[in-house]
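**Q** My questions will all concern the structure given below.
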Amino acid sequence: MLEVSGLSTGYDSHVVVLGVSVDVREGEAVAIIGSNGAGKTTFLRAICGLLPVSAGDVRYEGRSIANLAVHKVARAGISFVPAERHLFPEMSVAENLALGAFPNRPDPDQQSLVFDLFPRLAERRRQAAGTMSGGEQQMLAVGRALMSRPRLLILDEPTTGLAPRLASQAYESLAALRTLGMTILVAEQQVPLVLGLADRGYVLENGAIQLEGPSAELRDNPTVQRAYLGVV
Amino acid sequence: MTAVIFDGLVLGLQFGLLGVGLTVVYGMGGILNLAYGSIAVVAAVVMSVSMRAGLQAGPAVVLGILTAAGISLTLNSTVLKPVYRRRGEDRVLLSLLLTIGVAFIIDGLLVWRFPIEALGLNVGWEPVSIIGVRMRAGSLLASAITLLVGGSLIFFFRATTTGKAVRSVIQDEVGARLCGVNPAAVRTLIFALSGVLGGIFVATQAMTSPVPISAGFEFTITALLVTVVGGLGSIRGAFLAGLILGIVNAMSSFYIGSYITTIILLAAAALTIVLRPSGLFGERA
Ligand SMILES: Nc1ncnc2c1ncn2[C@@H]1O[C@H](COP(=O)(O)OP(=O)(O)OP(=O)(O)O)[C@@H](O)[C@H]1O
Ligand SMILES: [Mg+2]
């Protein structure tokens, strides 16, 4: 579904991600793990059009979307949930969700799906997004991303700023989405959580892929255990 | 007293409309369009000249409004192009410098080509009494138009998909793009809307007193005051600030004298900023 090959990107002339290749097949959940500053965010932003692709290609459902404008990538069926969420703070939950469906009118079935997944949002329909708690904002960000019926959901550190209990709840919701057939690509530092969700994972360090493999293999890998799982 | 407040309300509604045209453009990404008032005056000149050439008032006003929209769009797609490549304060500053330049050019051309032009729209109906106050028909028609346009704007921004898309870009441009909103298209729409509002504003002004070609700068300053008091990028705030400033304006011209009104308006604006640095509705939209 998504084939990233040899992608390089960065800020101005300063290259941060160099020659990264990542595949996501339909129905899969794929993890990108790596420490602070490894380039995970930079990599995801380039896929979504928020940063220029300086080398390599991004193919989605058979066509190149490298350097496509952000709104065109979104309309092609890829929803990105950034770590900073980028909600519309002065708008209500309902309005935020409605914009997720742009340019179409919000689809009631999809909205029910979002409210089933996050009953909290249904209770808070009229509340301004900016006044909600971190956990609720995270739910809204995912809910808004789902309103366009995306075929691929990309998330950057969905646990940012969440207490451990809320972080695992966030991953429970993603697991529920998986069972509905959603394809997911997620960057995460909380390695045990994300490997619980993902089928496969990539380890990104210093802007390059160091390791890749099925989640179970990564979990048993001594390097991964030392660096990310706190095993000594 | 009641009559003065009524005058203030009539004026205030118009100020609000004028302010919205500036504030939405600012909200769209830090462009302060200082040519705004001058573009509105071009609309007035087009209305006046085409009426003298024999056009009916209605079509002449529409022509003027369309001209203002056209100039506004041209500004967005030519002069402002380099501005969109910058971010933050750079963007605001560059937009200030470039649009002030455009304002000088427009004002200069107007003084050169139409030195004595002024737009007056005579609404020839009898005055009407409202709760004991005699109101000129021109004032009433101007208020009715302004309320109608203001109401439509609120409906547009609150209830339509496109209106929500505009607000989404004002509140979080990255979020809007991720939702599939094309900010460039929204910007085009907003610049056209801004020109239209400037055009409607001069038409309603001309129903109560003539609009001279030298009014551009004053219109821009008024719009700026409304925008700052109401909160940059806030549509509700612009209307509320317009009403407040309109009433202050009417009171001070009546009780003190019109020469001091501008100073009092500036003082009122300064006071608001001291009390509420982000304006009445600093939270935007
Ligand atoms: N806006 C920016 N301008 C310049 N350099 C940046 C910018 N954002 C990030 N970088 C640099 O790019 C590198 C990769 O950062 P990135 O945010 O992609 O890492 P990350 O893996 O997402 O880290 P984290 O887990 O902390 O979110 C870092 O060295 C960072 O300093
Ligand atoms: Mg990151």
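Every chain in the structure tokens takes a letter, A first, then B, and so on in the order presented; its residues are numbered from 1, and the ligands are numbered from 1 following the presented order.
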Per DSSP on the backbone, filter range 77-133 of chain A down to the residues in strand (DSSP E) and report them as a VMD selection string.

**A** chain A and resid 78 to 81

**Q** Pull out every residue of chain B sitting within 6 Å of chain A, counting only C-alpha atoms, and send them as a list in words.

**A** Gln171, Asp172, Gly175, Arg177, Leu178, Cys179, Gly180, Val181 and Asn182 of chain B

**Q** Got a sec: who's within 8 Å of range 89-95 of chain B, counting only C-alpha atoms, leaving out chain neighbours fewer than 6 positions off, as a list in words?

**A**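 That gives Gly30, Ile31, Leu32, Asn33, Leu80 and Val83 of chain B.
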
**Q** Store the residues picked out above, limited to C-alpha atoms, as an mmCIF file, in the first residue's frame.

**A**
```cif
data_model
loop_
_atom_site.group_PDB
_atom_site.id
_atom_site.type_symbol
_atom_site.label_atom_id
_atom_site.label_comp_id
_atom_site.auth_asym_id
_atom_site.auth_seq_id
_atom_site.Cartn_x
_atom_site.Cartn_y
_atom_site.Cartn_z
ATOM 1 C CA GLY B 30 -0.202 37.297 9.293
ATOM 2 C CA ILE B 31 -0.930 39.625 6.379
ATOM 3 C CA LEU B 32 -1.837 43.135 7.515
ATOM 4 C CA ASN B 33 -3.215 44.709 4.360
ATOM 5 C CA LEU B 80 2.063 39.337 -1.763
ATOM 6 C CA VAL B 83 5.388 37.392 1.549
#
```

**Q** Would you mind listing the residues within 8 Å of ligand 2, counting only C-alpha atoms and all ligand atoms, as a short mmCIF file (atom, residue, chain, number, x, y, z; two decimals) with all heavy atoms, in the first residue's frame?

**A**
```cif
data_model
loop_
_atom_site.label_atom_id
_atom_site.label_comp_id
_atom_site.auth_asym_id
_atom_site.auth_seq_id
_atom_site.Cartn_x
_atom_site.Cartn_y
_atom_site.Cartn_z
N ASN A 36 15.22 9.69 20.94
CA ASN A 36 15.03 11.12 20.71
C ASN A 36 15.94 11.63 19.60
O ASN A 36 17.14 11.36 19.62
CB ASN A 36 15.39 11.91 21.97
CG ASN A 36 14.24 11.94 22.95
OD1 ASN A 36 13.10 12.13 22.55
ND2 ASN A 36 14.54 11.73 24.20
N GLY A 37 15.36 12.34 18.66
CA GLY A 37 16.18 12.96 17.62
C GLY A 37 16.63 12.00 16.54
O GLY A 37 17.46 12.34 15.70
N GLY A 39 14.96 10.95 14.02
CA GLY A 39 14.44 11.35 12.71
C GLY A 39 13.07 10.78 12.39
O GLY A 39 12.61 10.87 11.25
N LYS A 40 12.39 10.20 13.37
CA LYS A 40 11.07 9.59 13.13
C LYS A 40 10.06 10.61 12.64
O LYS A 40 9.38 10.42 11.63
CB LYS A 40 10.54 8.94 14.44
CG LYS A 40 11.48 7.94 15.08
CD LYS A 40 10.89 7.32 16.33
CE LYS A 40 10.71 8.29 17.49
NZ LYS A 40 11.99 8.83 18.04
N THR A 41 9.97 11.73 13.39
CA THR A 41 9.02 12.78 13.03
C THR A 41 9.34 13.33 11.64
O THR A 41 8.46 13.48 10.79
CB THR A 41 9.06 13.90 14.07
OG1 THR A 41 8.72 13.35 15.34
CG2 THR A 41 8.11 15.03 13.73
N THR A 42 10.62 13.59 11.42
CA THR A 42 11.06 14.14 10.14
C THR A 42 10.65 13.21 9.00
O THR A 42 10.14 13.65 7.96
CB THR A 42 12.59 14.31 10.17
OG1 THR A 42 12.92 15.08 11.33
CG2 THR A 42 13.10 15.02 8.94
N ALA A 83 2.30 14.52 16.43
CA ALA A 83 2.45 14.46 17.89
C ALA A 83 1.87 15.72 18.54
O ALA A 83 1.32 15.66 19.64
CB ALA A 83 3.92 14.30 18.26
N ASP A 156 2.24 9.93 14.79
CA ASP A 156 3.55 10.23 15.36
C ASP A 156 3.39 10.30 16.87
O ASP A 156 2.67 11.16 17.39
CB ASP A 156 4.06 11.58 14.82
CG ASP A 156 5.49 11.87 15.25
OD1 ASP A 156 6.17 10.92 15.72
OD2 ASP A 156 5.91 13.03 15.14
N GLU A 157 4.04 9.39 17.57
CA GLU A 157 4.01 9.35 19.03
C GLU A 157 2.65 9.69 19.62
O GLU A 157 2.48 10.72 20.28
CB GLU A 157 5.06 10.31 19.61
CG GLU A 157 6.42 9.99 19.05
CD GLU A 157 7.54 10.09 20.06
OE1 GLU A 157 7.28 9.84 21.25
OE2 GLU A 157 8.66 10.41 19.64
N ALA A 187 5.03 5.94 14.64
CA ALA A 187 6.34 6.16 15.23
C ALA A 187 6.16 6.26 16.72
O ALA A 187 5.21 6.91 17.19
CB ALA A 187 6.96 7.45 14.69
#
```

**Q** Per DSSP on the backbone, filter range 5-214 of chain B down to the residues in helix (DSSP H, G or I) and report them as a ChimeraX atom specification.

**A** /B:5-27,36-52,57-77,81-84,88-113,137-159,161-171,173-178,183-208,213-214

**Q** Would you list the contacts of Leu11 in chain B as an NGL selection string, taking every protein, DNA or RNA residue within 12 Å and counting only C-alpha atoms, but skipping same-chain residues closer than 6 positions in sequence?

**A** :B and (4-5 or 17-18 or 138-140 or 142-144 or 146-147 or 201-202 or 204-209 or 222 or 239 or 241-251)

**Q** Distance atom 23 (O, counted along the ligand's line) of ligand 1-CA of Phe118 in chain A, one decimal place?

**A**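 Spanning atom 23 (O, counted along the ligand's line) of ligand 1 to CA of Phe118 in chain A is a straight-line distance of 27.5 Å.
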
**Q** Residues within 10 Å of ligand 1 should be enumerated using only C-alpha atoms and all ligand atoms and returned as a PyMOL selection string.

**A** chain A and resi 9-17+32-46+51+83+156-157+160+187-190+204-207

**Q** Keeping only N, CA and C atoms, take the residues you just selected and write them out as a compact mmCIF listing (two decimals), in the first residue's frame.

**A**
```txt
# COMPACT_ATOMS: atom_id res chain seq x y z
N THR A 9 15.40 13.38 3.50
CA THR A 9 14.71 14.64 3.76
C THR A 9 15.39 15.34 4.93
N GLY A 10 14.98 16.58 5.17
CA GLY A 10 15.57 17.34 6.27
C GLY A 10 15.05 18.75 6.27
N TYR A 11 15.81 19.61 6.93
CA TYR A 11 15.39 21.00 7.06
C TYR A 11 16.36 21.88 6.30
N ASP A 12 15.86 22.73 5.43
CA ASP A 12 16.68 23.54 4.54
C ASP A 12 17.73 22.66 3.87
N SER A 13 19.00 22.95 4.06
CA SER A 13 19.98 22.12 3.35
C SER A 13 20.53 21.03 4.27
N HIS A 14 19.95 20.95 5.48
CA HIS A 14 20.55 20.06 6.46
C HIS A 14 19.75 18.76 6.49
N VAL A 15 20.41 17.69 5.96
CA VAL A 15 19.74 16.40 5.78
C VAL A 15 19.65 15.66 7.12
N VAL A 16 18.45 15.19 7.46
CA VAL A 16 18.26 14.52 8.74
C VAL A 16 17.99 13.03 8.53
N VAL A 17 17.25 12.73 7.46
CA VAL A 17 16.90 11.34 7.15
C VAL A 17 17.54 11.00 5.82
N ILE A 32 7.67 2.36 13.78
CA ILE A 32 9.01 2.94 13.60
C ILE A 32 9.47 3.29 15.00
N ILE A 33 10.54 2.65 15.45
CA ILE A 33 11.03 3.00 16.78
C ILE A 33 12.42 3.62 16.67
N GLY A 34 12.79 4.35 17.71
CA GLY A 34 14.08 5.04 17.68
C GLY A 34 14.11 6.06 18.80
N SER A 35 15.32 6.45 19.20
CA SER A 35 15.40 7.34 20.36
C SER A 35 15.13 8.79 19.96
N ASN A 36 15.22 9.69 20.94
CA ASN A 36 15.03 11.12 20.71
C ASN A 36 15.94 11.63 19.60
N GLY A 37 15.36 12.34 18.66
CA GLY A 37 16.18 12.96 17.62
C GLY A 37 16.63 12.00 16.54
N ALA A 38 16.08 10.79 16.51
CA ALA A 38 16.50 9.79 15.51
C ALA A 38 16.04 10.18 14.11
N GLY A 39 14.96 10.95 14.02
CA GLY A 39 14.44 11.35 12.71
C GLY A 39 13.07 10.78 12.39
N LYS A 40 12.39 10.20 13.37
CA LYS A 40 11.07 9.59 13.13
C LYS A 40 10.06 10.61 12.64
N THR A 41 9.97 11.73 13.39
CA THR A 41 9.02 12.78 13.03
C THR A 41 9.34 13.33 11.64
N THR A 42 10.62 13.59 11.42
CA THR A 42 11.06 14.14 10.14
C THR A 42 10.65 13.21 9.00
N PHE A 43 10.85 11.91 9.20
CA PHE A 43 10.51 10.91 8.19
C PHE A 43 9.00 10.93 7.88
N LEU A 44 8.18 10.91 8.93
CA LEU A 44 6.73 10.88 8.71
C LEU A 44 6.24 12.17 8.05
N ARG A 45 6.84 13.29 8.46
CA ARG A 45 6.42 14.58 7.87
C ARG A 45 6.72 14.62 6.37
N ALA A 46 7.81 14.00 5.97
CA ALA A 46 8.14 13.99 4.54
C ALA A 46 7.13 13.15 3.76
N LEU A 51 7.34 18.06 4.61
CA LEU A 51 8.75 18.37 4.36
C LEU A 51 9.09 17.86 2.96
N ALA A 83 2.30 14.52 16.43
CA ALA A 83 2.45 14.46 17.89
C ALA A 83 1.87 15.72 18.54
N ASP A 156 2.24 9.93 14.79
CA ASP A 156 3.55 10.23 15.36
C ASP A 156 3.39 10.30 16.87
N GLU A 157 4.04 9.39 17.57
CA GLU A 157 4.01 9.35 19.03
C GLU A 157 2.65 9.69 19.62
N THR A 160 2.40 10.96 23.32
CA THR A 160 3.05 12.19 23.79
C THR A 160 2.22 12.87 24.87
N ALA A 187 5.03 5.94 14.64
CA ALA A 187 6.34 6.16 15.23
C ALA A 187 6.16 6.26 16.72
N GLU A 188 7.03 5.62 17.49
CA GLU A 188 6.81 5.57 18.93
C GLU A 188 8.12 5.33 19.68
N GLN A 189 8.24 5.99 20.83
CA GLN A 189 9.39 5.73 21.71
C GLN A 189 9.05 4.69 22.77
N GLN A 190 7.76 4.55 23.05
CA GLN A 190 7.35 3.57 24.06
C GLN A 190 7.28 2.21 23.38
N LEU A 204 14.91 3.06 13.68
CA LEU A 204 15.53 4.20 13.00
C LEU A 204 16.50 4.86 13.97
N GLU A 205 17.77 4.99 13.57
CA GLU A 205 18.73 5.73 14.39
C GLU A 205 19.56 6.62 13.49
N ASN A 206 19.81 7.86 13.94
CA ASN A 206 20.59 8.82 13.16
C ASN A 206 20.13 8.91 11.71
N GLY A 207 18.84 8.86 11.52
CA GLY A 207 18.29 9.07 10.19
C GLY A 207 18.40 7.90 9.25
```

**Q** With only C-alpha atoms as the atoms that count, which of B:Val61, B:Ile145, B:Ala192, B:Ala269 lies nearest to Leu225 in chain B?

**A**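 Looking at the shortest contact to Leu225 in chain B, the residue is B:Ala269.
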
**Q** List the spatial neighbours of range 98-107 of chain B as an NGL selection string - criterion: any atom at most 12 Å away, only C-alpha atoms, same-chain residues fewer than 4 positions off excluded.

**A** :B and (31-43 or 45 or 68 or 71-72 or 74-76 or 78-83 or 91-94 or 111-115 or 212-221)

**Q** When you count only C-alpha atoms, which of these residues is closest to Gln111 in chain A: A:Ile47, A:Arg126, A:Leu146, A:Ser92?

**A**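 Using only C-alpha atoms, the shortest distance to Gln111 in chain A belongs to A:Leu146.
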
**Q** Do you know which residues are at most 7 Å from Met28 in chain B counting only C-alpha atoms, after dropping those on the same chain fewer than 6 positions away, and could you put them as a list in words?

**A** Val169, Ile170 and Arg187 of chain B

**Q** Show which residues sit within 12 Å of Arg200 in chain A, as an MDAnalysis selection string. Count only C-alpha atoms, and ignore same-chain residues fewer than 3 positions away.

**A** chainID A and resid 22:25 27:33 184:186 194:197 203 211:219

**Q** Rounded to one decimal, what separation in Å do you get between CA of Pro52 in chain A and CA of Val174 in chain B?

**A**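 These two atoms are separated by 15.0 Å.
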
**Q** Between CA of Ser77 in chain B and CA of Gly151 in chain B, measure the distance and give it in Å to one decimal.

**A**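 CA of Gly151 in chain B lies at a distance of 28.8 Å from CA of Ser77 in chain B.
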